[in-house]
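**Q** Mind having a look at this structure? Questions to follow.
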Amino acid sequence: MAERFYRAPCPGCGAPVEFRSAQSTHAVCPYCQSTVVRQGEVLSRLGRMAELFDDPSPLQLHTSGRYQDQPFILIGRLQYQSPTGVWTEWVAWFDDGSQAFLSEDNGAYVMARPRELQRDMPPASAFRVGATTAVEGQPYTVAFNGQVSLRSAQGELPKMPPLGFGFGMVELRSDQGQVLSLDYSRTPPALSQGQSVRLEDLQLSGLKSESVKEETARQFNCPQCGAAVEVTLASTKTLSCGTCHSLIDVSQGVGGELRHALQDEPVAPHIPLGSQGTLEGVAWQVVGFQHRMGRSPGDDEAFGWCEYLLYNRQRGFSFLVDTEEGWSLVRPITGAPSLGAGARSATYLGTRYDLQYSYEAETTYALGEFYWPVARGQRSSNRDYRSAKGLLSLEQTPAEQTWSSGRKLDAAVVAKAFGVATPAAGFQTSDAGPTGPLRGLGCGTLIVIAVVLIVLVLLLSRCSRCDPAVENCNNGGSYRSTGGAYGGYSGGGGSHK
C-alpha cells in the first residue's frame, strides 16, 4: 500500500513542502530553495541550496515509470561533483514505499537499490583501482575510488551529506553487469547495488520536452580568441571553440575564469559535427570528435584513430570509432569483465574475449562537446579484447577504469547513415565482413574521387606518407583494433558523470 503524503510549511518562506516517502529525511523547498530536515512532524531550515547544474536527460521531478513491474515516481535529485565533473542521481519512490536511485552512468543509466552491509567494510583507501575483491562470495573489480561532494539537490531526499563536504566513493563492478557503490559520507558506509537500464524500457511519462539547453547564460566568449561559443548540451564538461579550436573546460560553469588550451594542427573529421544519422535503428547526432594516438610497449611506431561522440535523448551517448581496421559502434558497459591469467583474456556475461592489443593511448585533438573533461595530452593504459560476438576495451588511469563493448560496422553503412553520398577516403577502411583486410586509410581529409583510377593513385601515394598524428594509420606492420577509450570517464557511486 502506498504511504500517505506528509505536508508542512517551509520554515523559510511558509510555502508547502511535501514528503511522499517516510524514508525521506531532507527536502528542498521549490519556492525559496531552503534546505529543510524532517524530524518527526517538525521541519527545520538548514540553509539555502546551491543552484542546480542542468543535465541533458529528459528526466525531471515527478516523472513516473515502471521498473521490474513496479510503478515509481522521481521525487528528488542529487548532483555530485568530483575533480572530473558533475553527475546526477535521481531518487525513485515506489508504490510499496521502497526507494531506488536512477543515476547517470557514463552517458547511460543505472537503477540501484540500497542494500544492507553483511560485514564491516574496509576504509575507502583500501580499494585499489583495477584490483578484485569479493562481496558475499561474488567477485568484483574496483572501477573507481575518489573524493566526491554534493553540489546541489532538489525535491525530497533519503540522504544528504553536507553541501560541498568531500567524502570517499568506491565503485565495484562485476562480470555479470552489476555495480556496487560504497558511499563513505557516513559510518558505516552506505551500499547500493544496481544494473544498467534504458530509459525507453522504463515506460516513462512526464518527461521534459527538450534536453537542449537554450539559456543565454551558457553562451560566452572564447578565452583564447574572443569568438562567441555556445554550449548546446547541458552535460558538457569540455568543448572546443569553433574559431580557434581551443579546448575549453566548462565543468565549473561559464561565469568565472575558464581554463583553456590552444590546439594546433587541426584534424578534420569525415563526419561533420552536428550530423544526424540512424545506426541499428537509433537516431544519433554527432556532438564531439577526438583523435587519439597509441603506442604498444617496446614499439617505437605509433598508430592513430578517431572517435565520434554520438548523442540520443533516450539512449544517452555512444561512440563511433574509426580505426585502421574499420568502424565500430561502441559504448561503456555497466559491469567489469573478469580477467584471466596475465590478463590474456576477459570474460563478460559468460563470453570469453581474447587479448588482441595492449598499448598506451593519448588524446591529440578534440572538437565539439564532451560529457567528460577532455584535454589534449590525456593518457591512459588500454587493452583490446575480441571474440566472435564483438569487442571489449579497457581504459585505465590511476583513479578509474572504464570498460566498453562494441560491434564492427561496414564502412558503407556508416557512410549511408550520415548522408555521405560518395564516401570519402576515410570510409574506405577494412570492412567488418569476413573478407581479407585491405590497407585502410583513416580520418585525414582527401578530395572525393569519382574515378577509380585516380582513387588508387592517391591511395598508393598516401601509403608512404601517412601521419598517425592526424590520420588512422600504422607506421608498423601490424593491424590494431584500437577500440580505445570509447569515451573514457567513469565516476563514483553508481551515479556517474
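Identifiers in this document derive from the order of the C-alpha cells: chains are assigned A, B, ..., residues are numbered from 1 separately in each chain, and ligands are numbered from 1 in order of occurrence.
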Could you pull the residues within 9 Å of Leu61 of chain A, counting only C-alpha atoms, minus those fewer than 6 positions along the same chain, as a list in words?
**A** Ile73, Leu74, Ile75, Gly76, Arg77, Trp90, Gln154, Gly155, Gly206 and Leu207 of chain A
**Q** Hey, what's within 10 Å of Ser358 of chain A if we count only C-alpha atoms and toss same-chain stuff fewer than 2 positions away? As a PyMOL selection string, please?
**A** chain A and resi 294-297+344+355-356+360-361+381-385+393-394+480+482
**Q** When you count only C-alpha atoms, which of these residues is closest to Gln176 of chain A: A:Val17, A:Ala283, A:Arg66, A:Pro337?
**A**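 Smallest distance to Gln176 of chain A is found for A:Pro337.
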**Q** Rank A:Ser246, A:Ser152, A:Gln378, A:Gln401 by their smallest atom-to-atom distance to Thr334 of chain A, using only C-alpha atoms, and report the top residue only.
**A** A:Gln401
**Q** Do you have the atom CA of Ser98 of chain A-atom CA of Gln70 of chain A distance handy?
**A** 10.4 Å
**Q** Skipping near chain neighbours, those fewer than 5 positions away, what residues fall within 8 Å of Gly335 of chain A using only C-alpha atoms, listed as a list in words?
**A** Arg173, Ser174, Asp175, Gln176, Gly177, Gln178, Val179 and Trp403 of chain A
**Q** Would you mind exporting N, CA, C and O atoms of the selected residues as a short mmCIF file (atom, residue, chain, number, x, y, z; two decimals), in the first residue's frame?
**A**
```
data_model
loop_
_atom_site.label_atom_id
_atom_site.label_comp_id
_atom_site.auth_asym_id
_atom_site.auth_seq_id
_atom_site.Cartn_x
_atom_site.Cartn_y
_atom_site.Cartn_z
N ARG A 173 32.44 -3.23 -9.82
CA ARG A 173 31.65 -3.75 -10.95
C ARG A 173 31.97 -5.22 -11.16
O ARG A 173 33.10 -5.67 -10.95
N SER A 174 30.95 -5.98 -11.61
CA SER A 174 31.11 -7.42 -11.77
C SER A 174 31.01 -7.80 -13.24
O SER A 174 30.56 -7.03 -14.09
N ASP A 175 31.43 -9.05 -13.53
CA ASP A 175 31.36 -9.54 -14.92
C ASP A 175 29.96 -9.97 -15.30
O ASP A 175 29.73 -10.45 -16.41
N GLN A 176 28.97 -9.79 -14.40
CA GLN A 176 27.57 -10.04 -14.71
C GLN A 176 26.79 -8.74 -14.91
O GLN A 176 25.56 -8.75 -14.96
N GLY A 177 27.51 -7.63 -15.03
CA GLY A 177 26.88 -6.35 -15.31
C GLY A 177 26.35 -5.63 -14.09
O GLY A 177 25.60 -4.66 -14.22
N GLN A 178 26.73 -6.05 -12.88
CA GLN A 178 26.27 -5.40 -11.65
C GLN A 178 27.28 -4.33 -11.22
O GLN A 178 28.47 -4.43 -11.48
N VAL A 179 26.76 -3.30 -10.54
CA VAL A 179 27.62 -2.27 -9.98
C VAL A 179 27.23 -2.06 -8.52
O VAL A 179 26.06 -1.94 -8.18
N TRP A 403 35.31 0.11 -18.97
CA TRP A 403 35.18 -0.96 -19.96
C TRP A 403 34.12 -0.56 -20.98
O TRP A 403 33.10 0.05 -20.63
#
```
**Q** Taking the DSSP secondary structure from the backbone, can you list the residues of segment 133-203 of chain A that are strand (DSSP E), as an MDAnalysis selection string?
**A** chainID A and resid 133:135 138:157 167:173 178:183 190:197
**Q** Which of these, A:Leu180, A:Leu78, A:Ala131, A:Val148, has the shortest distance to Pro114 of chain A once you count only C-alpha atoms?
**A**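 Of A:Leu180, A:Leu78, A:Ala131, A:Val148, the one nearest Pro114 of chain A is A:Leu180, counting only C-alpha atoms.
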**Q** Neighbouring residues of Gly419 of chain A were defined as those with any atom within 12 Å, considering only C-alpha atoms; residues of the same chain fewer than 5 positions away were excluded. Please report them as number ranges by chain.
**A** A: 270-272, 275-279, 412-414, 424
**Q** Write out, as a PDB file, in the first residue's frame, the residues just selected, with N, CA, C and O atoms.
**A**
```pdb
ATOM      1  N   HIS A 270      35.724  13.272 -40.804  1.00  0.00           N
ATOM      2  CA  HIS A 270      34.977  12.923 -42.009  1.00  0.00           C
ATOM      3  C   HIS A 270      33.495  13.228 -41.851  1.00  0.00           C
ATOM      4  O   HIS A 270      32.831  13.660 -42.783  1.00  0.00           O
ATOM      5  N   ILE A 271      32.957  12.956 -40.657  1.00  0.00           N
ATOM      6  CA  ILE A 271      31.540  13.207 -40.397  1.00  0.00           C
ATOM      7  C   ILE A 271      31.451  14.536 -39.647  1.00  0.00           C
ATOM      8  O   ILE A 271      31.907  14.632 -38.507  1.00  0.00           O
ATOM      9  N   PRO A 272      30.887  15.575 -40.234  1.00  0.00           N
ATOM     10  CA  PRO A 272      30.865  16.885 -39.590  1.00  0.00           C
ATOM     11  C   PRO A 272      30.094  16.867 -38.271  1.00  0.00           C
ATOM     12  O   PRO A 272      29.119  16.125 -38.112  1.00  0.00           O
ATOM     13  N   SER A 275      26.057  16.377 -37.557  1.00  0.00           N
ATOM     14  CA  SER A 275      25.437  15.419 -38.481  1.00  0.00           C
ATOM     15  C   SER A 275      24.523  14.474 -37.730  1.00  0.00           C
ATOM     16  O   SER A 275      24.791  14.096 -36.582  1.00  0.00           O
ATOM     17  N   GLN A 276      23.432  14.078 -38.385  1.00  0.00           N
ATOM     18  CA  GLN A 276      22.485  13.143 -37.794  1.00  0.00           C
ATOM     19  C   GLN A 276      22.376  11.906 -38.667  1.00  0.00           C
ATOM     20  O   GLN A 276      22.398  11.996 -39.895  1.00  0.00           O
ATOM     21  N   GLY A 277      22.294  10.753 -38.032  1.00  0.00           N
ATOM     22  CA  GLY A 277      22.198   9.508 -38.769  1.00  0.00           C
ATOM     23  C   GLY A 277      21.615   8.409 -37.903  1.00  0.00           C
ATOM     24  O   GLY A 277      21.611   8.508 -36.667  1.00  0.00           O
ATOM     25  N   THR A 278      21.119   7.365 -38.524  1.00  0.00           N
ATOM     26  CA  THR A 278      20.500   6.241 -37.818  1.00  0.00           C
ATOM     27  C   THR A 278      21.380   5.007 -37.961  1.00  0.00           C
ATOM     28  O   THR A 278      21.698   4.585 -39.077  1.00  0.00           O
ATOM     29  N   LEU A 279      21.793   4.458 -36.836  1.00  0.00           N
ATOM     30  CA  LEU A 279      22.577   3.228 -36.793  1.00  0.00           C
ATOM     31  C   LEU A 279      21.871   2.228 -35.900  1.00  0.00           C
ATOM     32  O   LEU A 279      21.488   2.553 -34.776  1.00  0.00           O
ATOM     33  N   ALA A 412      30.246   1.216 -45.602  1.00  0.00           N
ATOM     34  CA  ALA A 412      29.106   1.691 -46.402  1.00  0.00           C
ATOM     35  C   ALA A 412      27.909   2.015 -45.524  1.00  0.00           C
ATOM     36  O   ALA A 412      27.139   2.939 -45.819  1.00  0.00           O
ATOM     37  N   VAL A 413      27.731   1.262 -44.439  1.00  0.00           N
ATOM     38  CA  VAL A 413      26.626   1.515 -43.521  1.00  0.00           C
ATOM     39  C   VAL A 413      26.808   2.862 -42.838  1.00  0.00           C
ATOM     40  O   VAL A 413      25.867   3.652 -42.699  1.00  0.00           O
ATOM     41  N   VAL A 414      28.029   3.140 -42.402  1.00  0.00           N
ATOM     42  CA  VAL A 414      28.317   4.416 -41.745  1.00  0.00           C
ATOM     43  C   VAL A 414      28.114   5.570 -42.718  1.00  0.00           C
ATOM     44  O   VAL A 414      27.508   6.592 -42.389  1.00  0.00           O
ATOM     45  N   ALA A 424      33.998   9.449 -48.608  1.00  0.00           N
ATOM     46  CA  ALA A 424      35.361   9.969 -48.628  1.00  0.00           C
ATOM     47  C   ALA A 424      36.341   8.849 -48.378  1.00  0.00           C
ATOM     48  O   ALA A 424      35.978   7.750 -47.968  1.00  0.00           O
TER      49      ALA A 424
END
```
**Q** Out of A:Cys306, A:Val286, A:Cys10, A:Ile248, which residue has the shortest atom-to-atom distance to Thr323 of chain A when counting only C-alpha atoms?
**A** A:Cys306
**Q** To one decimal place in Å, what is the distance between atom CA of Arg352 of chain A and atom CA of Gly406 of chain A?
**A** 14.4 Å
**Q** Find, counting only C-alpha atoms, the residue in A:Gly137, A:Gly281, A:Gly242, A:Pro123 that gets nearest to Tyr184 of chain A.
**A**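 Answer, going by the shortest atom-to-atom distance: A:Pro123.
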**Q** Closest to Val330 of chain A among A:Glu307, A:Glu230, A:Asp95, A:Glu400, using only C-alpha atoms?
**A**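 Result for the nearest residue to Val330 of chain A: A:Glu307.
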